[in-house]
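The file coords-v5.tsv contains TSV, C-alpha atoms and all ligand atoms:
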```tsv
chain	number	residue	atom	x	y	z
A	297	MET	CA	-7.23	9.30	27.92
A	298	ALA	CA	-6.59	6.13	29.88
A	299	ASP	CA	-5.09	3.01	28.29
A	300	ARG	CA	-3.62	4.68	25.25
A	301	LYS	CA	-2.10	2.21	22.81
A	302	ARG	CA	1.67	2.01	23.04
A	303	VAL	CA	3.27	2.93	19.71
A	304	ALA	CA	6.85	2.73	18.46
A	305	VAL	CA	8.04	5.11	15.75
A	306	LEU	CA	10.91	4.00	13.51
A	307	ILE	CA	13.02	6.75	11.97
A	308	SER	CA	16.29	7.22	10.12
A	309	GLY	CA	16.65	10.99	9.92
A	310	ARG	CA	15.06	14.37	10.49
A	311	GLY	CA	11.97	13.08	12.28
A	312	SER	CA	9.48	15.79	11.39
A	313	ASN	CA	6.67	13.21	11.13
A	314	LEU	CA	7.71	11.79	14.51
A	315	LYS	CA	7.42	15.33	15.88
A	316	ALA	CA	3.93	15.68	14.40
A	317	LEU	CA	2.89	12.40	16.06
A	318	LEU	CA	4.28	13.64	19.38
A	319	VAL	CA	2.54	17.01	19.14
A	320	ALA	CA	-0.77	15.31	18.35
A	321	GLN	CA	-0.52	13.03	21.36
A	322	GLY	CA	-0.83	16.13	23.53
A	323	ALA	CA	-4.57	16.12	22.79
A	324	ALA	CA	-6.65	14.73	25.62
A	325	ASP	CA	-8.49	12.31	23.35
A	326	CYS	CA	-5.45	10.98	21.46
A	327	PRO	CA	-5.70	7.16	21.57
A	328	TYR	CA	-1.96	6.45	21.26
A	329	LYS	CA	1.24	7.33	23.03
A	330	VAL	CA	4.71	7.02	21.56
A	331	ALA	CA	6.47	4.73	24.03
A	332	LEU	CA	9.62	4.04	22.00
A	333	VAL	CA	11.54	5.61	19.13
A	334	VAL	CA	13.85	3.34	17.14
A	335	SER	CA	16.51	4.51	14.72
A	336	ASN	CA	18.92	2.55	12.55
A	337	VAL	CA	21.02	5.73	12.34
A	338	GLU	CA	22.67	6.37	15.67
A	339	ASP	CA	22.76	10.15	15.38
A	340	ALA	CA	19.44	10.69	13.60
A	341	PRO	CA	18.36	14.26	14.47
A	342	GLY	CA	14.80	13.07	15.15
A	343	LEU	CA	15.97	11.16	18.22
A	344	ASP	CA	16.27	14.49	20.02
A	345	PHE	CA	12.49	15.03	19.91
A	346	ALA	CA	12.02	11.76	21.82
A	347	ARG	CA	14.84	12.41	24.28
A	348	ALA	CA	13.51	15.88	25.07
A	349	LEU	CA	10.26	14.25	26.18
A	350	GLY	CA	11.93	11.45	28.11
A	351	ILE	CA	10.70	8.82	25.66
A	352	ALA	CA	12.76	5.62	25.41
A	353	THR	CA	14.99	5.37	22.36
A	354	PHE	CA	16.82	2.51	20.71
A	355	ALA	CA	19.44	3.82	18.30
A	356	ARG	CA	21.67	1.30	16.67
A	357	SER	CA	23.32	1.07	13.28
A	358	HIS	CA	22.35	-1.86	11.10
A	359	LYS	CA	25.77	-1.85	9.48
A	360	GLY	CA	27.54	-5.19	9.49
A	361	MET	CA	24.39	-7.09	10.40
A	362	LYS	CA	22.16	-9.26	8.27
A	363	ARG	CA	18.74	-7.70	7.64
A	364	ALA	CA	16.80	-10.36	9.55
A	365	GLU	CA	19.29	-10.26	12.40
A	366	PHE	CA	18.93	-6.50	12.83
A	367	ASP	CA	15.14	-6.67	12.55
A	368	ALA	CA	15.09	-9.36	15.25
A	369	LEU	CA	16.93	-6.96	17.56
A	370	VAL	CA	14.38	-4.25	16.84
A	371	ASP	CA	11.53	-6.70	17.30
A	372	ALA	CA	12.87	-7.74	20.71
A	373	GLU	CA	13.03	-4.09	21.70
A	374	LEU	CA	9.43	-3.50	20.59
A	375	ARG	CA	8.22	-6.52	22.55
A	376	ALA	CA	10.23	-5.48	25.64
A	377	HIS	CA	8.45	-2.12	25.57
A	378	LYS	CA	5.04	-3.79	25.11
A	379	ILE	CA	4.50	-1.99	21.82
A	380	GLU	CA	1.09	-2.51	20.21
A	381	ALA	CA	1.52	-0.66	16.91
A	382	VAL	CA	4.42	0.60	14.80
A	383	ALA	CA	4.64	3.75	12.69
A	384	LEU	CA	7.43	4.04	10.13
A	385	ALA	CA	8.38	7.69	9.71
A	386	GLY	CA	11.21	8.11	7.26
A	387	TYR	CA	12.66	4.71	8.14
A	388	MET	CA	15.00	4.20	5.20
A	389	ARG	CA	15.39	0.49	5.49
A	390	LEU	CA	13.67	-2.43	3.84
A	391	LEU	CA	12.14	-4.73	6.44
A	392	SER	CA	12.56	-8.49	6.46
A	393	PRO	CA	9.43	-10.55	5.68
A	394	GLY	CA	9.47	-12.14	9.15
A	395	PHE	CA	9.40	-8.76	10.86
A	396	VAL	CA	6.60	-7.50	8.62
A	397	GLU	CA	4.61	-10.66	9.24
A	398	GLY	CA	4.99	-10.27	13.00
A	399	TRP	CA	3.43	-6.78	12.87
A	400	ALA	CA	0.87	-7.40	10.13
A	401	GLY	CA	-2.12	-5.09	10.50
A	402	ARG	CA	-0.32	-3.09	13.20
A	403	MET	CA	2.40	-1.35	11.22
A	404	ILE	CA	1.90	1.69	8.98
A	405	ASN	CA	4.10	3.85	6.78
A	406	ILE	CA	3.80	7.33	5.35
A	407	HIS	CA	4.98	7.79	1.78
A	408	PRO	CA	5.27	11.08	-0.11
A	409	SER	CA	3.19	10.26	-3.17
A	410	LEU	CA	-0.34	9.40	-4.14
A	411	LEU	CA	0.20	5.65	-4.12
A	412	PRO	CA	0.21	3.50	-6.16
A	413	LEU	CA	2.06	6.22	-8.06
A	414	TYR	CA	5.76	6.69	-7.40
A	415	LYS	CA	6.84	4.02	-4.98
A	416	GLY	CA	10.44	4.35	-3.83
A	417	LEU	CA	12.61	7.47	-3.88
A	418	ASP	CA	12.58	10.91	-5.57
A	419	THR	CA	8.81	11.01	-5.64
A	420	HIS	CA	8.51	14.81	-5.90
A	421	GLN	CA	10.88	15.05	-8.84
A	422	ARG	CA	9.14	12.17	-10.61
A	423	ALA	CA	5.71	13.78	-10.18
A	424	ILE	CA	6.98	17.10	-11.59
A	425	GLU	CA	8.73	15.40	-14.51
A	426	ALA	CA	5.59	13.47	-15.36
A	427	GLY	CA	3.67	16.75	-15.65
A	428	ASP	CA	1.15	15.73	-12.99
A	429	ALA	CA	-1.32	18.34	-11.78
A	430	THR	CA	-1.46	16.93	-8.28
A	431	HIS	CA	0.77	15.09	-5.85
A	432	GLY	CA	0.47	14.19	-2.19
A	433	CYS	CA	1.07	11.61	0.47
A	434	SER	CA	-0.33	8.24	1.50
A	435	VAL	CA	-0.50	6.24	4.71
A	436	HIS	CA	-0.62	2.50	4.17
A	437	LEU	CA	-0.37	-0.74	6.07
A	438	VAL	CA	3.08	-2.25	5.67
A	439	THR	CA	3.36	-5.46	3.67
A	440	PRO	CA	6.57	-7.12	2.45
A	441	GLU	CA	6.61	-5.20	-0.87
A	442	LEU	CA	8.08	-1.67	-0.67
A	443	ASP	CA	5.44	1.10	-0.38
A	444	ASP	CA	2.71	-1.41	-1.07
A	445	GLY	CA	-0.12	-2.57	1.16
A	446	PRO	CA	-3.66	-1.31	1.71
A	447	ILE	CA	-3.95	2.48	1.64
A	448	LEU	CA	-5.54	3.91	4.80
A	449	ALA	CA	-5.48	7.64	4.03
A	450	GLN	CA	-4.29	10.10	1.41
A	451	ALA	CA	-3.94	13.85	1.08
A	452	GLU	CA	-3.55	15.73	-2.19
A	453	VAL	CA	-1.76	18.99	-3.02
A	454	PRO	CA	-1.53	20.88	-6.32
A	455	ILE	CA	1.69	20.97	-8.31
A	456	LEU	CA	2.25	24.63	-9.20
A	457	SER	CA	4.15	25.95	-12.19
A	458	GLY	CA	7.70	26.69	-11.12
A	459	ASP	CA	7.66	24.02	-8.43
A	460	THR	CA	10.97	22.38	-7.66
A	461	PRO	CA	11.23	19.07	-5.83
A	462	ASP	CA	11.97	21.09	-2.68
A	463	THR	CA	9.00	23.46	-2.89
A	464	LEU	CA	6.71	20.56	-3.70
A	465	ALA	CA	8.15	18.44	-0.87
A	466	ALA	CA	7.48	21.26	1.58
A	467	ARG	CA	3.84	21.50	0.46
A	468	VAL	CA	3.40	17.73	0.78
A	469	LEU	CA	5.12	17.67	4.18
A	470	VAL	CA	2.50	20.00	5.65
A	471	GLU	CA	-0.10	17.42	4.65
A	472	GLU	CA	1.99	14.53	5.97
A	473	HIS	CA	2.11	16.15	9.39
A	474	ARG	CA	-1.65	16.60	9.41
A	475	LEU	CA	-2.49	13.18	7.99
A	476	TYR	CA	-0.15	10.84	9.87
A	477	PRO	CA	-1.43	11.48	13.41
A	478	LEU	CA	-5.01	11.08	12.20
A	479	ALA	CA	-4.25	7.81	10.42
A	480	LEU	CA	-2.32	6.40	13.38
A	481	ALA	CA	-5.13	7.34	15.75
A	482	GLU	CA	-7.63	5.64	13.47
A	483	LEU	CA	-5.52	2.48	13.26
A	484	VAL	CA	-5.02	2.10	17.01
A	485	ARG	CA	-8.74	2.58	17.65
A	486	THR	CA	-9.28	-0.65	15.70
A	487	LEU	CA	-6.76	-2.67	17.76
B	1	LIG	C1	8.77	11.94	4.65
B	1	LIG	O1	8.61	12.65	3.46
B	1	LIG	C2	8.07	10.62	4.59
B	1	LIG	O2	6.91	10.66	3.84
B	1	LIG	C3	9.08	9.73	3.93
B	1	LIG	O3	10.32	10.16	4.45
B	1	LIG	C4	10.22	11.51	4.86
B	1	LIG	C5	10.61	11.55	6.30
B	1	LIG	O4	10.67	12.86	6.81
B	1	LIG	N1	8.79	8.35	4.17
B	1	LIG	P1	10.80	13.08	8.36
B	1	LIG	O5	12.05	12.33	8.83
B	1	LIG	O6	9.57	12.57	9.02
B	1	LIG	O7	10.97	14.56	8.53
```

As structure tokens, how would this structure be written, given the file I've shared?
Amino acid sequence: MADRKRVAVLISGRGSNLKALLVAQGAADCPYKVALVVSNVEDAPGLDFARALGIATFARSHKGMKRAEFDALVDAELRAHKIEAVALAGYMRLLSPGFVEGWAGRMINIHPSLLPLYKGLDTHQRAIEAGDATHGCSVHLVTPELDDGPILAQAEVPILSGDTPDTLAARVLVEEHRLYPLALAELVRTL
């Protein structure tokens, strides 16, 4: 597909959602291409998926920098690569309001819960402890509040008796990998 929208993916770790986005862009009709992968963790394993495909990476630790200062560096990198949309994929860093404002309507996040339930960390454990029958993942537009912002897509999975946070996380992750490429494609088609 010609003129695919140029997307940056921001990661901090394993990068399995990044990988799912990269696999999906192999489809002829995929409307985006990952043009840059950013990590605030210099040795994040997910960076290898990008490097293997020759995709530009920007890996730099935020340590010792003010939040807004680091985000300005990232923003400059996104602009230099003519990025049109941003996908957070396990980016374990709160974003400064100025950065969020600059990408309003063009930045999405995937979160492992059925938002608005369980914002923040340990979502799988919290869903099990609450005795919920279902759990899942959500893709939402990023706004300054953590894991807030309009929900674009959700996928649900059952919580089974005997589930541990790990078994439940694995079931949710399958859905994340299916949902995120679809939601990103849908977003960029509107840009
Ligand atoms: C995923 O569960 C995602 O929903 C959450 O962080 C995790 C990242 O996993 N925001 P990965 O790095 O994409 O494998």

Self-check item: Exercise answer, 9 Å around ligand LIG 1 (chain B) with all atoms listed in the file, as a VMD selection string
Solution: chain A and resid 307 to 316 340 to 342 384 to 388 405 to 409 417 433 to 435 465 to 466 468 to 469 472 to 473

Self-check item: Interatomic distance, CA of Arg422 (chain A) to CA of Gly458 (chain A) (Å, one decimal)
Solution: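 It comes out at 14.6 Å.
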
Quiz item: What is the CA of Thr460 (chain A) to CA of Asp443 (chain A) distance in Å?
Solution: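 Separation of CA of Thr460 (chain A) and CA of Asp443 (chain A): 23.2 Å.
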
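Here the question is which of A:Thr439, A:Gln321, A:Thr463, A:Ser357 gets nearest to Val396 (chain A) using all atoms listed in the file, and that residue is A:Thr439.
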
Quiz item: Using all atoms listed in the file, which residues sit within 8 Å of Phe395 (chain A) once same-chain residues fewer than 5 positions away are excluded, as an MDAnalysis selection string?
Solution: chainID A and resid 364 367:368 371

Quiz item: Hey, can you check how far CA of Thr353 (chain A) sits from CA of Gly416 (chain A)?
Solution: 26.6 Å

Exercise. Tell me which protein, DNA and RNA residues are within 10 Å of Leu483 (chain A), counting only C-alpha atoms, leaving out same-chain ones fewer than 4 positions away, and put them as a list in words.
Key: Pro327, Tyr328, Ala381, Gly401, Arg402, Met403, Ile404, Leu437, Leu448, Pro477, Leu478, Ala479 and Leu487 of chain A

Quiz prompt | Which of A:Pro440, A:Gly360, A:Pro412, A:Gly432 sits closest to Gly398 (chain A) [using only C-alpha atoms] | solution =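 The closest residue to Gly398 (chain A) is A:Pro440.
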